[in-house]
$ cat target_16.csv   # CSV, C-alpha atoms (C1' of nucleotides)
chain,number,residue,atom,x,y,z
A,431,MET,CA,-125.4,-24.6,114.3
A,432,SER,CA,-124.7,-20.9,114.8
A,433,SER,CA,-125.3,-19.1,118.1
A,434,HIS,CA,-127.8,-17.0,116.2
A,435,ALA,CA,-129.9,-20.1,115.6
A,436,THR,CA,-129.4,-21.1,119.2
A,437,ASN,CA,-130.7,-17.8,120.4
A,438,SER,CA,-133.7,-18.0,118.1
A,439,GLU,CA,-134.5,-21.4,119.6
A,440,ALA,CA,-134.2,-20.0,123.1
A,441,LEU,CA,-136.4,-17.1,122.2
A,442,ALA,CA,-139.0,-19.3,120.5
A,443,GLN,CA,-139.1,-21.6,123.5
A,444,LYS,CA,-139.5,-18.9,126.1
A,445,LEU,CA,-142.2,-17.2,124.0
A,446,ALA,CA,-144.0,-20.5,123.6
A,447,HIS,CA,-143.8,-21.0,127.3
A,448,SER,CA,-145.7,-17.8,127.9
A,449,GLY,CA,-148.2,-18.7,125.1
A,450,LEU,CA,-146.8,-16.1,122.8
A,451,ARG,CA,-145.8,-16.4,119.1
A,452,ASN,CA,-142.4,-16.0,117.6
A,453,THR,CA,-142.4,-13.3,115.0
A,454,PRO,CA,-139.7,-11.8,112.8
A,455,GLN,CA,-140.0,-8.5,114.7
A,456,ARG,CA,-139.4,-10.2,118.1
A,457,GLU,CA,-136.4,-12.0,116.6
A,458,VAL,CA,-134.7,-9.0,115.2
A,459,VAL,CA,-135.2,-7.0,118.3
A,460,TYR,CA,-133.8,-9.8,120.4
A,461,ASN,CA,-130.8,-10.2,118.1
A,462,ALA,CA,-130.2,-6.5,118.1
A,463,LEU,CA,-129.7,-6.7,121.8
A,464,LEU,CA,-127.5,-9.8,121.7
A,465,THR,CA,-125.3,-8.5,118.9
A,466,LYS,CA,-124.3,-5.2,120.4
A,467,ARG,CA,-124.5,-5.5,124.2
A,468,ASP,CA,-124.4,-1.8,125.0
A,469,HIS,CA,-127.6,-1.1,126.8
A,470,PRO,CA,-129.5,0.6,124.0
A,471,THR,CA,-132.7,2.6,124.3
A,472,ALA,CA,-135.8,1.6,122.4
A,473,ASP,CA,-135.0,4.3,119.9
A,474,ASP,CA,-131.5,2.9,119.4
A,475,VAL,CA,-132.9,-0.6,118.9
A,476,HIS,CA,-135.4,0.8,116.4
A,477,ALA,CA,-132.6,2.4,114.4
A,478,ARG,CA,-130.7,-0.9,114.4
A,479,VAL,CA,-133.4,-3.2,113.4
A,480,ARG,CA,-134.6,-1.0,110.5
A,481,THR,CA,-131.8,-2.4,108.3
A,482,ASP,CA,-133.2,-5.9,108.7
A,483,LEU,CA,-136.9,-5.0,108.8
A,484,PRO,CA,-137.4,-1.5,107.3
A,485,THR,CA,-141.0,-1.3,108.0
A,486,ILE,CA,-140.9,-2.1,111.7
A,487,SER,CA,-142.5,0.6,113.8
A,488,LEU,CA,-141.2,2.1,117.0
A,489,ALA,CA,-144.4,1.0,118.8
A,490,THR,CA,-143.6,-2.6,117.8
A,491,VAL,CA,-140.1,-2.2,119.2
A,492,TYR,CA,-141.5,-1.1,122.5
A,493,ASN,CA,-143.9,-4.0,122.4
A,494,CYS,CA,-141.2,-6.5,121.6
A,495,LEU,CA,-138.9,-5.2,124.3
A,496,GLU,CA,-141.7,-5.3,126.8
A,497,THR,CA,-142.4,-8.9,125.8
A,498,LEU,CA,-138.8,-9.9,126.1
A,499,VAL,CA,-138.7,-8.4,129.6
A,500,GLN,CA,-141.8,-10.3,130.5
A,501,CYS,CA,-140.2,-13.5,129.3
A,502,ASN,CA,-137.1,-12.8,131.4
A,503,LEU,CA,-134.9,-12.7,128.3
A,504,VAL,CA,-133.9,-9.1,128.8
A,505,ARG,CA,-133.7,-6.7,131.7
A,506,ALA,CA,-134.9,-3.1,131.7
A,507,VAL,CA,-132.6,-0.6,133.4
A,508,ASN,CA,-133.1,3.0,134.4
A,509,PHE,CA,-130.2,5.2,135.2
A,510,GLU,CA,-131.3,8.7,136.2
A,511,ARG,CA,-133.8,10.6,134.1
A,512,GLY,CA,-134.0,9.6,130.5
A,513,PRO,CA,-135.0,6.7,128.4
A,514,THR,CA,-135.1,3.1,129.7
A,515,ARG,CA,-132.3,1.0,128.5
A,516,TYR,CA,-132.3,-2.7,127.8
A,517,CYS,CA,-129.7,-5.4,128.7
A,518,PRO,CA,-129.6,-9.0,127.5
A,519,ASN,CA,-127.2,-10.1,130.2
A,520,LEU,CA,-129.1,-12.6,132.4
A,521,ALA,CA,-126.3,-13.3,134.8
A,522,PRO,CA,-126.6,-11.5,138.1
A,523,HIS,CA,-124.7,-8.3,137.6
A,524,ALA,CA,-124.5,-4.7,138.7
A,525,HIS,CA,-124.2,-1.7,136.4
A,526,PHE,CA,-121.4,0.8,136.3
A,527,HIS,CA,-122.5,4.1,134.7
A,528,ASP,CA,-119.6,6.3,133.5
A,529,GLU,CA,-120.7,9.8,134.2
A,530,ALA,CA,-118.2,11.3,131.8
A,531,THR,CA,-119.1,9.3,128.7
A,532,GLY,CA,-122.6,7.9,129.6
A,533,ALA,CA,-121.3,4.4,128.9
A,534,THR,CA,-122.6,1.5,130.9
A,535,PHE,CA,-120.7,-1.6,131.9
A,536,ASP,CA,-121.8,-4.8,133.4
A,537,ILE,CA,-120.1,-5.9,136.6
A,538,ASP,CA,-120.4,-9.5,137.6
A,539,LEU,CA,-122.0,-10.0,141.1
A,540,PRO,CA,-120.8,-13.0,143.2
A,541,SER,CA,-123.8,-14.7,144.6
A,542,ASP,CA,-122.6,-14.5,148.1
A,543,LEU,CA,-122.5,-10.7,147.8
A,544,ILE,CA,-126.2,-10.7,146.7
A,545,THR,CA,-127.0,-12.8,149.7
A,546,LYS,CA,-125.1,-10.4,151.9
A,547,VAL,CA,-126.8,-7.3,150.5
A,548,THR,CA,-130.2,-8.9,150.7
A,549,SER,CA,-129.6,-9.9,154.3
A,550,ILE,CA,-129.7,-6.2,155.5
A,551,LEU,CA,-133.5,-6.2,154.8
A,552,PRO,CA,-135.4,-6.1,158.0
A,553,PRO,CA,-138.1,-8.8,158.6
A,554,GLY,CA,-141.2,-8.2,156.5
A,555,TYR,CA,-139.3,-7.0,153.5
A,556,ASP,CA,-139.3,-9.6,150.8
A,557,ALA,CA,-137.2,-8.7,147.7
A,558,ASP,CA,-137.6,-10.3,144.3
A,559,ALA,CA,-134.7,-8.4,142.8
A,560,VAL,CA,-131.9,-6.1,143.7
A,561,ASP,CA,-130.4,-3.5,141.3
A,562,ILE,CA,-127.0,-2.1,142.1
A,563,ILE,CA,-125.8,0.9,140.1
A,564,PHE,CA,-122.4,2.5,140.5
A,565,ARG,CA,-121.8,6.0,139.2
A,566,GLY,CA,-118.4,7.3,138.6
A,567,LYS,CA,-115.5,7.4,136.2
A,568,THR,CA,-113.5,4.7,134.4
A,569,THR,CA,-109.8,5.3,134.0
A,570,ALA,CA,-107.8,4.5,130.8
A,571,THR,CA,-106.4,1.2,132.3
A,572,ARG,CA,-109.7,-0.5,132.2
B,241,MET,CA,-135.0,27.0,168.1
B,242,SER,CA,-137.3,24.8,166.0
B,243,SER,CA,-135.9,22.2,163.7
B,244,HIS,CA,-137.5,24.1,161.0
B,245,ALA,CA,-135.2,27.0,161.7
B,246,THR,CA,-132.3,24.7,161.8
B,247,ASN,CA,-133.1,23.3,158.5
B,248,SER,CA,-133.4,26.8,157.0
B,249,GLU,CA,-130.0,27.6,158.3
B,250,ALA,CA,-128.5,24.5,156.8
B,251,LEU,CA,-130.2,25.3,153.5
B,252,ALA,CA,-129.0,28.9,153.5
B,253,GLN,CA,-125.5,27.9,154.4
B,254,LYS,CA,-125.3,25.2,151.7
B,255,LEU,CA,-126.7,27.6,149.1
B,256,ALA,CA,-124.3,30.3,150.1
B,257,HIS,CA,-121.5,27.9,149.8
B,258,SER,CA,-122.4,27.4,146.1
B,259,GLY,CA,-122.9,31.1,145.6
B,260,LEU,CA,-126.6,30.8,145.4
B,261,ARG,CA,-129.4,32.8,147.1
B,262,ASN,CA,-131.9,31.6,149.5
B,263,THR,CA,-135.4,32.2,148.4
B,264,PRO,CA,-138.9,31.5,149.7
B,265,GLN,CA,-139.4,29.0,146.9
B,266,ARG,CA,-136.3,27.0,147.7
B,267,GLU,CA,-137.2,27.0,151.4
B,268,VAL,CA,-140.7,25.7,150.9
B,269,VAL,CA,-139.6,23.0,148.5
B,270,TYR,CA,-136.9,21.9,150.9
B,271,ASN,CA,-139.3,21.8,153.8
B,272,ALA,CA,-141.9,19.9,151.8
B,273,LEU,CA,-139.3,17.1,151.4
B,274,LEU,CA,-138.3,17.2,155.1
B,275,THR,CA,-141.9,17.3,156.4
B,276,LYS,CA,-143.2,14.3,154.6
B,277,ARG,CA,-140.4,11.9,153.8
B,278,ASP,CA,-142.1,9.8,151.2
B,279,HIS,CA,-140.1,10.2,148.0
B,280,PRO,CA,-142.5,12.5,146.2
B,281,THR,CA,-142.3,13.4,142.5
B,282,ALA,CA,-141.8,17.0,141.4
B,283,ASP,CA,-145.5,17.2,140.8
B,284,ASP,CA,-146.3,15.9,144.3
B,285,VAL,CA,-144.0,18.6,145.7
B,286,HIS,CA,-145.7,21.2,143.6
B,287,ALA,CA,-149.1,20.3,144.9
B,288,ARG,CA,-147.8,20.4,148.5
B,289,VAL,CA,-146.0,23.7,148.4
B,290,ARG,CA,-148.9,25.5,146.7
B,291,THR,CA,-150.6,25.8,150.0
B,292,ASP,CA,-147.7,27.9,151.3
B,293,LEU,CA,-146.9,29.7,148.1
B,294,PRO,CA,-149.9,29.6,145.8
B,295,THR,CA,-148.2,31.2,142.8
B,296,ILE,CA,-145.2,28.9,142.7
B,297,SER,CA,-144.8,27.3,139.2
B,298,LEU,CA,-144.0,23.8,138.4
B,299,ALA,CA,-140.9,24.9,136.5
B,300,THR,CA,-139.7,26.6,139.7
B,301,VAL,CA,-140.2,23.4,141.7
B,302,TYR,CA,-138.1,21.5,139.1
B,303,ASN,CA,-135.4,24.3,139.4
B,304,CYS,CA,-135.4,24.2,143.2
B,305,LEU,CA,-135.2,20.4,143.3
B,306,GLU,CA,-132.3,20.4,140.9
B,307,THR,CA,-130.6,23.1,143.0
B,308,LEU,CA,-131.1,21.0,146.1
B,309,VAL,CA,-129.6,18.0,144.4
B,310,GLN,CA,-126.6,20.1,143.3
B,311,CYS,CA,-126.1,21.3,146.8
B,312,ASN,CA,-126.2,17.7,148.1
B,313,LEU,CA,-129.2,18.3,150.3
B,314,VAL,CA,-131.4,15.9,148.4
B,315,ARG,CA,-131.0,12.8,146.4
B,316,ALA,CA,-132.9,12.1,143.1
B,317,VAL,CA,-133.9,8.5,142.7
B,318,ASN,CA,-135.3,6.7,139.6
B,319,PHE,CA,-137.2,3.5,140.0
B,320,GLU,CA,-138.2,2.1,136.6
B,321,ARG,CA,-140.0,4.2,134.1
B,322,GLY,CA,-141.8,7.1,135.5
B,323,PRO,CA,-141.1,10.4,137.2
B,324,THR,CA,-138.0,11.1,139.2
B,325,ARG,CA,-138.5,11.0,143.0
B,326,TYR,CA,-136.7,13.0,145.6
B,327,CYS,CA,-135.4,12.0,149.0
B,328,PRO,CA,-134.0,14.2,151.7
B,329,ASN,CA,-132.3,11.3,153.6
B,330,LEU,CA,-128.6,12.0,153.4
B,331,ALA,CA,-127.5,9.0,155.4
B,332,PRO,CA,-126.3,6.1,153.2
B,333,HIS,CA,-129.3,4.0,152.5
B,334,ALA,CA,-130.8,1.7,150.0
B,335,HIS,CA,-134.4,1.9,148.7
B,336,PHE,CA,-137.0,-0.8,148.9
B,337,HIS,CA,-139.7,-0.4,146.3
B,338,ASP,CA,-142.9,-2.2,147.1
B,339,GLU,CA,-144.2,-3.4,143.7
B,340,ALA,CA,-147.8,-3.9,145.0
B,341,THR,CA,-148.3,-0.5,146.5
B,342,GLY,CA,-145.6,1.6,144.8
B,343,ALA,CA,-144.4,2.8,148.2
B,344,THR,CA,-140.7,3.3,148.8
B,345,PHE,CA,-138.8,2.7,152.1
B,346,ASP,CA,-135.4,3.7,153.1
B,347,ILE,CA,-133.1,0.9,154.3
B,348,ASP,CA,-130.1,1.9,156.3
B,349,LEU,CA,-126.8,0.7,154.8
B,350,PRO,CA,-124.0,-0.3,157.2
B,351,SER,CA,-120.8,1.3,155.9
B,352,ASP,CA,-118.9,-2.0,155.8
B,353,LEU,CA,-121.5,-3.3,153.4
B,354,ILE,CA,-120.9,-0.3,151.1
B,355,THR,CA,-117.2,-1.0,151.3
B,356,LYS,CA,-117.9,-4.7,150.4
B,357,VAL,CA,-120.1,-3.9,147.5
B,358,THR,CA,-117.7,-1.3,146.1
B,359,SER,CA,-114.9,-3.7,146.4
B,360,ILE,CA,-116.2,-5.9,143.6
B,361,LEU,CA,-115.3,-3.2,141.1
B,362,PRO,CA,-112.4,-4.2,138.9
B,363,PRO,CA,-109.4,-1.9,138.8
B,364,GLY,CA,-110.0,1.2,136.7
B,365,TYR,CA,-113.6,1.7,137.9
B,366,ASP,CA,-113.9,4.5,140.3
B,367,ALA,CA,-117.3,4.9,141.9
B,368,ASP,CA,-118.6,8.2,143.4
B,369,ALA,CA,-121.9,6.7,144.4
B,370,VAL,CA,-123.7,3.4,144.7
B,371,ASP,CA,-127.5,3.1,144.4
B,372,ILE,CA,-129.1,-0.1,145.7
B,373,ILE,CA,-132.7,-0.7,144.9
B,374,PHE,CA,-134.7,-3.7,146.1
B,375,ARG,CA,-138.0,-4.6,144.5
B,376,GLY,CA,-140.5,-6.8,146.1
B,377,LYS,CA,-143.3,-7.0,148.6
B,378,THR,CA,-143.6,-6.0,152.2
B,379,THR,CA,-145.7,-8.2,154.5
B,380,ALA,CA,-148.1,-6.9,157.2
B,381,THR,CA,-145.7,-7.5,160.0
B,382,ARG,CA,-143.4,-4.7,159.1
C,360,DT,C1',-161.5,-22.0,104.4
C,361,DT,C1',-163.0,-19.5,107.7
C,362,DA,C1',-163.3,-17.5,112.4
C,363,DA,C1',-160.9,-15.9,116.3
C,364,DG,C1',-157.3,-14.1,118.3
C,365,DG,C1',-152.6,-12.5,118.4
C,366,DC,C1',-149.5,-9.2,116.3
C,367,DT,C1',-148.1,-5.0,113.8
C,368,DT,C1',-148.7,-0.5,112.2
C,369,DA,C1',-149.1,4.7,111.9
C,370,DG,C1',-150.4,8.2,114.1
C,371,DA,C1',-152.7,10.5,118.0
C,372,DA,C1',-152.4,11.2,122.7
C,373,DT,C1',-150.3,11.6,127.2
C,374,DA,C1',-146.8,12.3,130.8
C,375,DG,C1',-142.7,14.2,132.4
C,376,DT,C1',-139.3,17.5,131.9
C,377,DT,C1',-136.8,21.3,129.9
C,378,DC,C1',-136.6,25.6,127.3
C,379,DT,C1',-137.7,30.5,126.4
C,380,DA,C1',-138.5,35.0,127.0
C,381,DA,C1',-140.3,38.3,129.9
C,382,DA,C1',-141.0,40.1,134.5
C,383,DT,C1',-139.3,40.5,139.2
C,384,DC,C1',-136.3,40.6,142.9
C,385,DC,C1',-132.2,41.6,145.4
C,386,DC,C1',-127.6,43.0,146.2
C,387,DA,C1',-123.7,46.2,145.4
C,388,DC,C1',-122.3,50.5,144.3
C,389,DT,C1',-123.2,55.3,144.0
D,412,DA,C1',-132.4,56.7,148.2
D,413,DG,C1',-131.4,55.5,143.1
D,414,DT,C1',-129.7,52.5,139.7
D,415,DG,C1',-127.6,48.6,137.1
D,416,DG,C1',-126.9,43.8,136.7
D,417,DG,C1',-127.2,39.3,137.6
D,418,DA,C1',-130.0,35.7,139.8
D,419,DT,C1',-134.5,33.9,140.1
D,420,DT,C1',-139.2,33.1,139.0
D,421,DT,C1',-143.0,32.6,136.0
D,422,DA,C1',-146.3,30.9,132.2
D,423,DG,C1',-146.5,28.7,128.5
D,424,DA,C1',-144.5,26.5,124.6
D,425,DA,C1',-141.6,22.9,123.2
D,426,DC,C1',-139.6,18.5,123.4
D,427,DT,C1',-138.8,13.6,124.5
D,428,DA,C1',-140.2,9.1,125.9
D,429,DT,C1',-143.8,6.2,126.1
D,430,DT,C1',-148.5,4.4,125.6
D,431,DC,C1',-152.9,4.2,123.4
D,432,DT,C1',-156.1,3.5,119.5
D,433,DA,C1',-158.1,1.7,115.7
D,434,DA,C1',-157.4,-0.6,111.7
D,435,DG,C1',-155.5,-4.3,109.1
D,436,DC,C1',-152.8,-8.5,108.7
D,437,DC,C1',-151.3,-13.1,109.8
D,438,DT,C1',-151.6,-17.6,111.8
D,439,DT,C1',-153.6,-21.3,113.9
D,440,DA,C1',-157.1,-24.5,114.8
D,441,DA,C1',-161.4,-26.2,113.8
$ encode --input "target_16.csv" --output "structure tokens"
Amino acid sequence: MSSHATNSEALAQKLAHSGLRNTPQREVVYNALLTKRDHPTADDVHARVRTDLPTISLATVYNCLETLVQCNLVRAVNFERGPTRYCPNLAPHAHFHDEATGATFDIDLPSDLITKVTSILPPGYDADAVDIIFRGKTTATR
Amino acid sequence: MSSHATNSEALAQKLAHSGLRNTPQREVVYNALLTKRDHPTADDVHARVRTDLPTISLATVYNCLETLVQCNLVRAVNFERGPTRYCPNLAPHAHFHDEATGATFDIDLPSDLITKVTSILPPGYDADAVDIIFRGKTTATR
DNA sequence: TTAAGGCTTAGAATAGTTCTAAATCCCACT
DNA sequence: AGTGGGATTTAGAACTATTCTAAGCCTTAA
């Protein structure tokens, strides 16, 4: 069994759980994210999936991405102005945004750090999620 | 000496430092942010400054906000999709975004927490800035 | 096998932001 | 005081990202 198949299963299952159907469009969009984990925009994804499914429309790509976000299979991320980017990494992680190249890297977040960060919230503030975004440069040694 | 005057001074000084001129437009835009510290969009700011300067254009508001960001007098913040918001709070702080109301609150960040968060970066990652955004609900007791 | 509803599609519409070109302002130098 | 030049502002056009609309298609369940 390839990991491709496994991913399809996971997708089908999560979709079913929300009462949604699995479709070829949703599959290729999800696979496009898993295959190249570089935080693409909806437009990037559209360009990539066209080779598999030449007639897929940009609106459908937006719909599929939104669906995947709703099913918690994908995270939407917004760095500064500009298009929303999508990330299939479900592990808790921060993002590092290289200002020179525009590249984005995932940085694993230890769970105790998340706890510590969340603990600064005064009473009455109840956070569902925390996004941490670093901006800066990466040096050659990375 | 009013705090208004003090702010103008600070503005004039920072602008001069970057070789830029102080203008009525830049002053009213900056004051609009200081007066009501609620993370307005460019459009919000435009609406507010029109009472002081009825002929100011939206393009100028965008220009002024960008200038203020360049001079480090204001921070630009992006929550999810949607317009950029502006924040005159220069102290290190996180943002809490109330998903029910859309309201945004500043949360002070102790400097040791910033250190701790930044320390998770692997070697080769050099961060200039960290943005921390909480999403969730605020309860009545706040 | 058919009806109902979910999904996809192309294209129009909208929202936010940036661009362009012309007008205006302000400072430095005469 | 007068002038040239660069910085700034302006209105509107242009552009980009996203959502909406309406039509058709596909699938599932009766």
$ residues_around --input "target_16.csv" --residues "segment 532-549 of chain A" --least-positions-apart "3" --cutoff "9 Å" --atoms "all atoms listed in the file" --output "PyMOL selection string"
(chain A and resi 468-469+519+521-529+552+557+560) or (chain B and resi 353+356-357+360-362+372+374)
$ residues_around --input "target_16.csv" --residues "Val507 of chain A" --least-positions-apart "6" --cutoff "10 Å" --atoms "only C-alpha atoms (C1' of nucleotides)" --output "list of chain:residue names"
A:His469, A:Pro470, A:Thr471, A:Pro513, A:Thr514, A:Arg515, A:Tyr516, A:Cys517, A:His525, A:Asp561, A:Ile563, B:Asn318, B:Phe319, B:Glu320, B:Arg321
$ residues_near_point --input "target_16.csv" --point "(-151.4, 5.9, 111.6)" --cutoff "9 Å" --atoms "only C-alpha atoms (C1' of nucleotides)" --output "MDAnalysis selection string"
(chainID C and resid 368:371) or (chainID D and resid 433:434)
$ closest_atom_pairs --input "target_16.csv" --of "chain B" --to "chain C" --cutoff "12 Å" --atoms "only C-alpha atoms (C1' of nucleotides)" --output "Markdown table"
| residue | atom | partner | partner_atom | distance |
| --- | --- | --- | --- | --- |
| B:Arg261 | CA | C:DC385 | C1' | 9.4 |
| B:Asn262 | CA | C:DC385 | C1' | 10.8 |
| B:Thr263 | CA | C:DC384 | C1' | 10.1 |
| B:Pro264 | CA | C:DC384 | C1' | 11.7 |
| B:Thr281 | CA | C:DG375 | C1' | 10.1 |
| B:Ala282 | CA | C:DG375 | C1' | 9.5 |
| B:Asp283 | CA | C:DG375 | C1' | 9.3 |
| B:Leu298 | CA | C:DT376 | C1' | 10.2 |
| B:Ala299 | CA | C:DT377 | C1' | 8.6 |
| B:Thr300 | CA | C:DT377 | C1' | 11.5 |
| B:Val301 | CA | C:DT376 | C1' | 11.5 |
| B:Tyr302 | CA | C:DT376 | C1' | 8.3 |
| B:Asn303 | CA | C:DT377 | C1' | 10.1 |
| B:Glu306 | CA | C:DT376 | C1' | 11.8 |
| B:Arg321 | CA | C:DG375 | C1' | 10.5 |
| B:Gly322 | CA | C:DG375 | C1' | 7.8 |
| B:Pro323 | CA | C:DG375 | C1' | 6.3 |
| B:Thr324 | CA | C:DG375 | C1' | 8.8 |
| B:Arg325 | CA | C:DG375 | C1' | 11.8 |
$ calpha_fit_and_write --input "target_16.csv" --fixed "chain A" --moving "chain B" --output "tab-separated table (two decimals) with C-alpha atoms, in the frame of the given file"
chain	number	residue	atom	x	y	z
B	241	MET	CA	-125.48	-24.66	114.44
B	242	SER	CA	-124.78	-20.93	114.81
B	243	SER	CA	-125.34	-19.18	118.07
B	244	HIS	CA	-127.81	-17.16	116.26
B	245	ALA	CA	-129.92	-20.23	115.73
B	246	THR	CA	-129.52	-21.14	119.30
B	247	ASN	CA	-130.71	-17.86	120.43
B	248	SER	CA	-133.77	-18.10	118.17
B	249	GLU	CA	-134.59	-21.39	119.70
B	250	ALA	CA	-134.33	-20.04	123.19
B	251	LEU	CA	-136.51	-17.10	122.20
B	252	ALA	CA	-139.13	-19.31	120.58
B	253	GLN	CA	-139.18	-21.66	123.50
B	254	LYS	CA	-139.52	-18.86	126.08
B	255	LEU	CA	-142.30	-17.23	124.05
B	256	ALA	CA	-144.11	-20.49	123.65
B	257	HIS	CA	-143.90	-21.03	127.31
B	258	SER	CA	-145.87	-17.78	127.85
B	259	GLY	CA	-148.28	-18.65	125.08
B	260	LEU	CA	-146.88	-16.11	122.76
B	261	ARG	CA	-145.86	-16.35	119.06
B	262	ASN	CA	-142.52	-15.93	117.61
B	263	THR	CA	-142.38	-13.28	115.00
B	264	PRO	CA	-139.75	-11.72	112.75
B	265	GLN	CA	-140.02	-8.50	114.73
B	266	ARG	CA	-139.39	-10.13	118.08
B	267	GLU	CA	-136.45	-12.07	116.63
B	268	VAL	CA	-134.72	-9.04	115.19
B	269	VAL	CA	-135.18	-7.00	118.33
B	270	TYR	CA	-133.82	-9.83	120.43
B	271	ASN	CA	-130.83	-10.26	118.18
B	272	ALA	CA	-130.13	-6.54	118.11
B	273	LEU	CA	-129.67	-6.72	121.92
B	274	LEU	CA	-127.49	-9.87	121.72
B	275	THR	CA	-125.31	-8.57	118.86
B	276	LYS	CA	-124.28	-5.33	120.40
B	277	ARG	CA	-124.42	-5.53	124.16
B	278	ASP	CA	-124.36	-1.87	124.99
B	279	HIS	CA	-127.59	-1.12	126.82
B	280	PRO	CA	-129.37	0.63	123.98
B	281	THR	CA	-132.60	2.63	124.33
B	282	ALA	CA	-135.74	1.59	122.47
B	283	ASP	CA	-134.93	4.19	119.89
B	284	ASP	CA	-131.38	2.86	119.44
B	285	VAL	CA	-132.87	-0.60	118.89
B	286	HIS	CA	-135.30	0.79	116.40
B	287	ALA	CA	-132.59	2.38	114.35
B	288	ARG	CA	-130.59	-0.89	114.39
B	289	VAL	CA	-133.32	-3.28	113.42
B	290	ARG	CA	-134.54	-1.08	110.55
B	291	THR	CA	-131.77	-2.38	108.42
B	292	ASP	CA	-133.20	-5.90	108.72
B	293	LEU	CA	-136.84	-4.98	108.76
B	294	PRO	CA	-137.30	-1.54	107.25
B	295	THR	CA	-141.01	-1.22	108.01
B	296	ILE	CA	-140.79	-2.06	111.69
B	297	SER	CA	-142.43	0.70	113.84
B	298	LEU	CA	-141.17	2.18	116.97
B	299	ALA	CA	-144.32	1.10	118.80
B	300	THR	CA	-143.53	-2.49	117.76
B	301	VAL	CA	-140.00	-2.22	119.15
B	302	TYR	CA	-141.45	-0.98	122.49
B	303	ASN	CA	-143.93	-3.99	122.39
B	304	CYS	CA	-141.19	-6.51	121.62
B	305	LEU	CA	-138.89	-5.14	124.33
B	306	GLU	CA	-141.65	-5.31	126.88
B	307	THR	CA	-142.43	-8.88	125.76
B	308	LEU	CA	-138.79	-9.80	126.15
B	309	VAL	CA	-138.72	-8.35	129.62
B	310	GLN	CA	-141.88	-10.32	130.52
B	311	CYS	CA	-140.32	-13.47	129.27
B	312	ASN	CA	-137.19	-12.81	131.37
B	313	LEU	CA	-134.89	-12.69	128.38
B	314	VAL	CA	-133.97	-9.07	128.91
B	315	ARG	CA	-133.65	-6.71	131.74
B	316	ALA	CA	-134.85	-3.03	131.63
B	317	VAL	CA	-132.58	-0.67	133.48
B	318	ASN	CA	-133.16	3.02	134.42
B	319	PHE	CA	-130.24	5.23	135.19
B	320	GLU	CA	-131.42	8.71	136.21
B	321	ARG	CA	-133.80	10.64	134.08
B	322	GLY	CA	-133.90	9.62	130.53
B	323	PRO	CA	-134.96	6.69	128.39
B	324	THR	CA	-135.12	3.15	129.63
B	325	ARG	CA	-132.19	0.94	128.50
B	326	TYR	CA	-132.23	-2.74	127.82
B	327	CYS	CA	-129.71	-5.42	128.65
B	328	PRO	CA	-129.65	-9.00	127.52
B	329	ASN	CA	-127.18	-10.14	130.26
B	330	LEU	CA	-129.11	-12.57	132.40
B	331	ALA	CA	-126.29	-13.36	134.77
B	332	PRO	CA	-126.52	-11.44	138.08
B	333	HIS	CA	-124.64	-8.26	137.57
B	334	ALA	CA	-124.46	-4.71	138.65
B	335	HIS	CA	-124.17	-1.70	136.30
B	336	PHE	CA	-121.43	0.87	136.28
B	337	HIS	CA	-122.52	4.12	134.71
B	338	ASP	CA	-119.68	6.29	133.53
B	339	GLU	CA	-120.87	9.87	134.20
B	340	ALA	CA	-118.33	11.42	131.74
B	341	THR	CA	-119.15	9.32	128.74
B	342	GLY	CA	-122.61	7.95	129.57
B	343	ALA	CA	-121.39	4.43	128.83
B	344	THR	CA	-122.63	1.54	130.93
B	345	PHE	CA	-120.64	-1.61	131.93
B	346	ASP	CA	-121.79	-4.78	133.39
B	347	ILE	CA	-120.09	-5.86	136.64
B	348	ASP	CA	-120.39	-9.46	137.60
B	349	LEU	CA	-121.94	-9.99	141.05
B	350	PRO	CA	-120.67	-12.93	143.15
B	351	SER	CA	-123.73	-14.68	144.58
B	352	ASP	CA	-122.50	-14.43	148.18
B	353	LEU	CA	-122.45	-10.68	147.79
B	354	ILE	CA	-126.11	-10.73	146.67
B	355	THR	CA	-126.91	-12.85	149.68
B	356	LYS	CA	-125.04	-10.30	151.92
B	357	VAL	CA	-126.76	-7.32	150.48
B	358	THR	CA	-130.21	-8.92	150.69
B	359	SER	CA	-129.57	-9.87	154.21
B	360	ILE	CA	-129.74	-6.28	155.43
B	361	LEU	CA	-133.47	-6.26	154.77
B	362	PRO	CA	-135.48	-6.15	157.97
B	363	PRO	CA	-138.05	-8.87	158.51
B	364	GLY	CA	-141.19	-8.36	156.44
B	365	TYR	CA	-139.32	-7.15	153.33
B	366	ASP	CA	-139.21	-9.73	150.68
B	367	ALA	CA	-137.08	-8.88	147.68
B	368	ASP	CA	-137.54	-10.44	144.19
B	369	ALA	CA	-134.71	-8.47	142.69
B	370	VAL	CA	-131.84	-6.21	143.62
B	371	ASP	CA	-130.47	-3.54	141.24
B	372	ILE	CA	-127.02	-2.12	142.02
B	373	ILE	CA	-125.90	0.88	140.10
B	374	PHE	CA	-122.50	2.53	140.49
B	375	ARG	CA	-121.87	6.01	139.16
B	376	GLY	CA	-118.48	7.37	138.56
B	377	LYS	CA	-115.57	7.49	136.19
B	378	THR	CA	-113.53	4.84	134.50
B	379	THR	CA	-109.80	5.49	134.02
B	380	ALA	CA	-107.80	4.62	130.86
B	381	THR	CA	-106.34	1.50	132.32
B	382	ARG	CA	-109.52	-0.46	132.22
$ atom_distance --input "target_16.csv" --atom1 "atom CA of Lys276 of chain B" --atom2 "atom CA of Val309 of chain B"
17.4 Å
$ atom_distance --input "target_16.csv" --atom1 "atom CA of Tyr460 of chain A" --atom2 "atom CA of Leu498 of chain A"
7.6 Å
$ atom_distance --input "target_16.csv" --atom1 "atom CA of Arg266 of chain B" --atom2 "atom CA of Asn247 of chain B"
11.9 Å
